[in-house]
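Take a look at the structure set out below.
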Amino acid sequence: MIRNRTRARRMMLAALAALLAAASTAHAQGYPVKTVRMVVGFPPGGGTDIFARSLSEKLTAAFDRPVIVDNRPGATSVIGTDIVAKSPPDGYTLLTASSAYAISAAVQQKKLPYDPLTALVPVSFIAVTPNVVLVHPSVPARNVKELIALARAKPGQLNYGSTGNGGPYHIATEMFKNMTKIDMVHVPYKGASPALTGAISGEVGVLFGNIVSATPHARAGRLRALAVTTTKRSPIAKDLPTVAESGVPGYDFATWFGVLAPAGTPSAVIARVNEEIRKALSAEDLRRKWLSEGAEPEWSTPEAFGKLIRNDIQRFTKLVRDVNITVD
């Protein structure tokens with residue numbers, strides 16, 4: 001009797017699973033039947049917004065339905081992310097995120113209104129951009145090794161700029177400091193543009209800045225570029241070595257971009273969006289545009305993107321704890 005009941009229960013569960021799978025597949029086959037909203041947690045004009053708009057154009061053509069970009073800036077993308085996390089998990093609200101997603105998870109931790117590991121699910125990685133290590137011409141360092149030697153010879157006398165406490169420039173530089181055991185003074189600015197201006201004026205001697213905005217100033221001699229922060233050299237600055245090959249093995253800080261969806265979104269819908277993203281990133285016009293912005297288009301499976309997010313949250317959380325990074 002007990003064996004029969006167990007068998008019946010298993011059959012019922014199997015039937016329910018099959019029904020749910022069929023419903024998910026049917027939903028994906030009809031998806032989308034209305035406008036898809038792609039939320040960006042930053043103002044218009046920034047890197048995340050630029051990539052979201054290029055991608056939305058390709059997805060609009062593929063879906064034959066509008067894919068609109070909805071900018072919801074604030075709290076280093078936390079406001080926009082929270083909107084998506086609390087949206088219906090039906091595939092009609094997506095998030096175009098950057099590595100700020102992992103940084104916020106590490107820096108703000110329990111203050112976040114959502115759980116970054118469970119509230120959203122990864123759809124696909126879409127692009128990566130490096131930062132570039134810059135010094136003012138008055139700083140007598142022409143490569144990373146010389147910068148490290150200078151900082152060790154003058155502990156606490158070099159200062160570096162950032163976009164603010166807990167921002168990507170701050171995290172990238174503190175990671176460098178931690179790995180090289182040097183001491184530089186942090187000077188936070190209210191955004192990337194003021195930080196770059198501070199470096200050009202010599203107000204700060206060092207900046208781990210955006211490669212696209214900094215490259216013209218480096219070429220004009222207003223700044224000196226020493227290395228890129230990713231594990232690979234950048235296609236728009238092929239002559240610059242990486243920090244890792246310049247004497248800091250294992251150093252890797254990339255600004256990445258990707259698409260996420262609310263947890264519970266049907267797997268078949270995730271697969272459909274992922275496949276259309278793969279096709280979009282293969283388009284020559286999109287690749288050419290993004291490369292001109294210093295970004296390398298790069299598709300991934302949801303699983304690979306999820307692993308990247310988890311790894312970044314883990315290593316940034318450790319860094320925040322080790323060097324005692326705090327935000328107001």
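Each chain in the structure tokens gets a letter, A, B and so on, in the order shown; residues start at 1 in every chain, and ligands are counted from 1 in the order they appear.
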Give me, as number ranges by chain, all polymer residues having an atom no more than 9 Å from Glu203 (chain A), counting only C-alpha atoms and skipping those fewer than 6 positions away in the same chain. A: 136, 159-161, 197
Quick one: everything within 12 Å of Val135 (chain A), counting only C-alpha atoms, minus sequence neighbours fewer than 6 positions away in the same chain. Send it as number ranges by chain. A: 141-144, 146-147, 150, 158-161, 196, 198-209, 214, 217-218, 221-227
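The residue set within 6 Å of Lys58 (chain A), counting only C-alpha atoms and dropping same-chain residues fewer than 3 places from it, reads A:Leu55, A:Ala61, A:Ala280.
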Per DSSP on the backbone, what are the strand (DSSP E or B) residues of region 125-315 of chain A, as a PyMOL selection string? chain A and resi 125-135+159-162+185-188+206-210+224-228+234+237+242+254-262+296-297
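The nearest approach to Val187 (chain A) among the residues A:Pro168, A:Ser162, A:Gly250, A:Trp256, with only C-alpha atoms taken into account, belongs to A:Ser162.
Shell of Ile126 (chain A) at 6 Å, with only C-alpha atoms counted and residues fewer than 4 places along the chain excluded, is Phe257, Gly258, Pro297, Glu298 and Trp299 of chain A.
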I need the chosen residues saved as an mmCIF file, in the first residue's frame, with C-alpha atoms.
data_model
loop_
_atom_site.group_PDB
_atom_site.id
_atom_site.type_symbol
_atom_site.label_atom_id
_atom_site.label_comp_id
_atom_site.auth_asym_id
_atom_site.auth_seq_id
_atom_site.Cartn_x
_atom_site.Cartn_y
_atom_site.Cartn_z
ATOM 1 C CA PHE A 257 28.026 44.410 -18.802
ATOM 2 C CA GLY A 258 25.248 41.855 -18.994
ATOM 3 C CA PRO A 297 31.221 42.286 -27.325
ATOM 4 C CA GLU A 298 31.124 38.881 -25.663
ATOM 5 C CA TRP A 299 28.240 36.402 -25.370
#
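Ranking A:Leu117, A:Ala304, A:Val33, A:Ala127 by their shortest atom-to-atom distance to Ile277 (chain A), with only C-alpha atoms included, puts A:Ala127 first.
Take the candidates A:Ser193, A:Ser54, A:Thr48, A:Thr60 and check each one against Leu286 (chain A) using only C-alpha atoms; the shortest distance goes to A:Ser54.
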Can you pull out every residue within 12 Å of Asp90 (chain A), counting only C-alpha atoms, but drop anything in the same chain fewer than 5 positions away, and send it as a PyMOL selection string? chain A and resi 24+27-28+30-37+84-85+261-270+273
Using the selection just defined, write its residues with C-alpha atoms as a tab-separated table (two decimals), in the first residue's frame.
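Saved as selection.tsv:
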chain	number	residue	atom	x	y	z
A	24	SER	CA	7.17	27.28	-20.06
A	27	HIS	CA	5.18	30.76	-23.15
A	28	ALA	CA	8.56	31.05	-24.85
A	30	GLY	CA	4.70	33.01	-28.03
A	31	TYR	CA	7.19	35.38	-26.39
A	32	PRO	CA	7.13	38.28	-26.71
A	33	VAL	CA	3.60	39.37	-27.44
A	34	LYS	CA	4.04	42.90	-26.07
A	35	THR	CA	6.69	45.54	-25.37
A	36	VAL	CA	9.78	44.42	-23.45
A	37	ARG	CA	11.27	46.91	-20.99
A	84	VAL	CA	13.58	44.64	-11.94
A	85	ALA	CA	13.99	42.34	-8.95
A	261	ALA	CA	15.89	38.93	-15.38
A	262	PRO	CA	13.72	38.54	-12.27
A	263	ALA	CA	14.11	35.21	-10.50
A	264	GLY	CA	11.42	32.79	-11.63
A	265	THR	CA	11.44	33.87	-15.27
A	266	PRO	CA	10.73	30.73	-17.34
A	267	SER	CA	13.91	29.00	-18.46
A	268	ALA	CA	12.62	28.81	-22.02
A	269	VAL	CA	12.23	32.60	-22.09
A	270	ILE	CA	15.75	33.02	-20.72
A	273	VAL	CA	16.54	36.04	-25.03
Contacts of region 219-268 of chain A with region 313-317 of chain A up to 12 Å, shortest pair per row, only C-alpha atoms, as JSON lines:
{"residue": "A:Tyr251", "atom": "CA", "partner": "A:Arg315", "partner_atom": "CA", "distance": 11.7}
{"residue": "A:Asp252", "atom": "CA", "partner": "A:Arg315", "partner_atom": "CA", "distance": 10.9}
{"residue": "A:Phe253", "atom": "CA", "partner": "A:Phe316", "partner_atom": "CA", "distance": 10.3}
Kindly export the residues of the current selection with C-alpha atoms, as a PDB file, in the first residue's frame.
ATOM      1  CA  TYR A 251      45.485  41.326 -11.103  1.00  0.00           C
ATOM      2  CA  ASP A 252      42.207  41.552 -13.011  1.00  0.00           C
ATOM      3  CA  PHE A 253      39.611  44.292 -12.886  1.00  0.00           C
TER       4      PHE A 253
END
Which is closest to Met184 (chain A) among A:Ala153, A:Ile211, A:Val67, A:Val39, if we use only C-alpha atoms? A:Ala153
I'd like the contact shell of Arg53 (chain A) - 12 Å cut-off, only C-alpha atoms, skipping same-chain residues fewer than 6 positions apart - returned as a ChimeraX atom specification. /A:37-40,44-47,59-60,66-71,96,286,289-290
Any chance you could list, as a ChimeraX atom specification, the residues in region 91-278 of chain A that come up helix (DSSP H, G or I) when DSSP is run on the backbone? /A:100-107,109-111,144-153,168-180,192-201,211-219,244-246,267-278
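With CA of Thr255 (chain A) on one side and CA of Thr129 (chain A) on the other, the separation reads 5.2 Å.
If you count only C-alpha atoms and ignore residues fewer than 4 places along the chain from Asn178 (chain A), what sits within 9 Å of it is Thr173, Glu174, Ile182, Asp183, Leu319, Asp322 and Val323 of chain A.
Distances from A:Ala195, A:Leu94, A:Val212, A:Ala220 to Val121 (chain A) were compared using only C-alpha atoms, and the smallest one belongs to A:Leu94.
Residue nearest Lys318 (chain A) within the list A:Leu120, A:Ala106, A:Ala75, A:Ile83: A:Ala106 [criterion: smallest interatomic distance, only C-alpha atoms].
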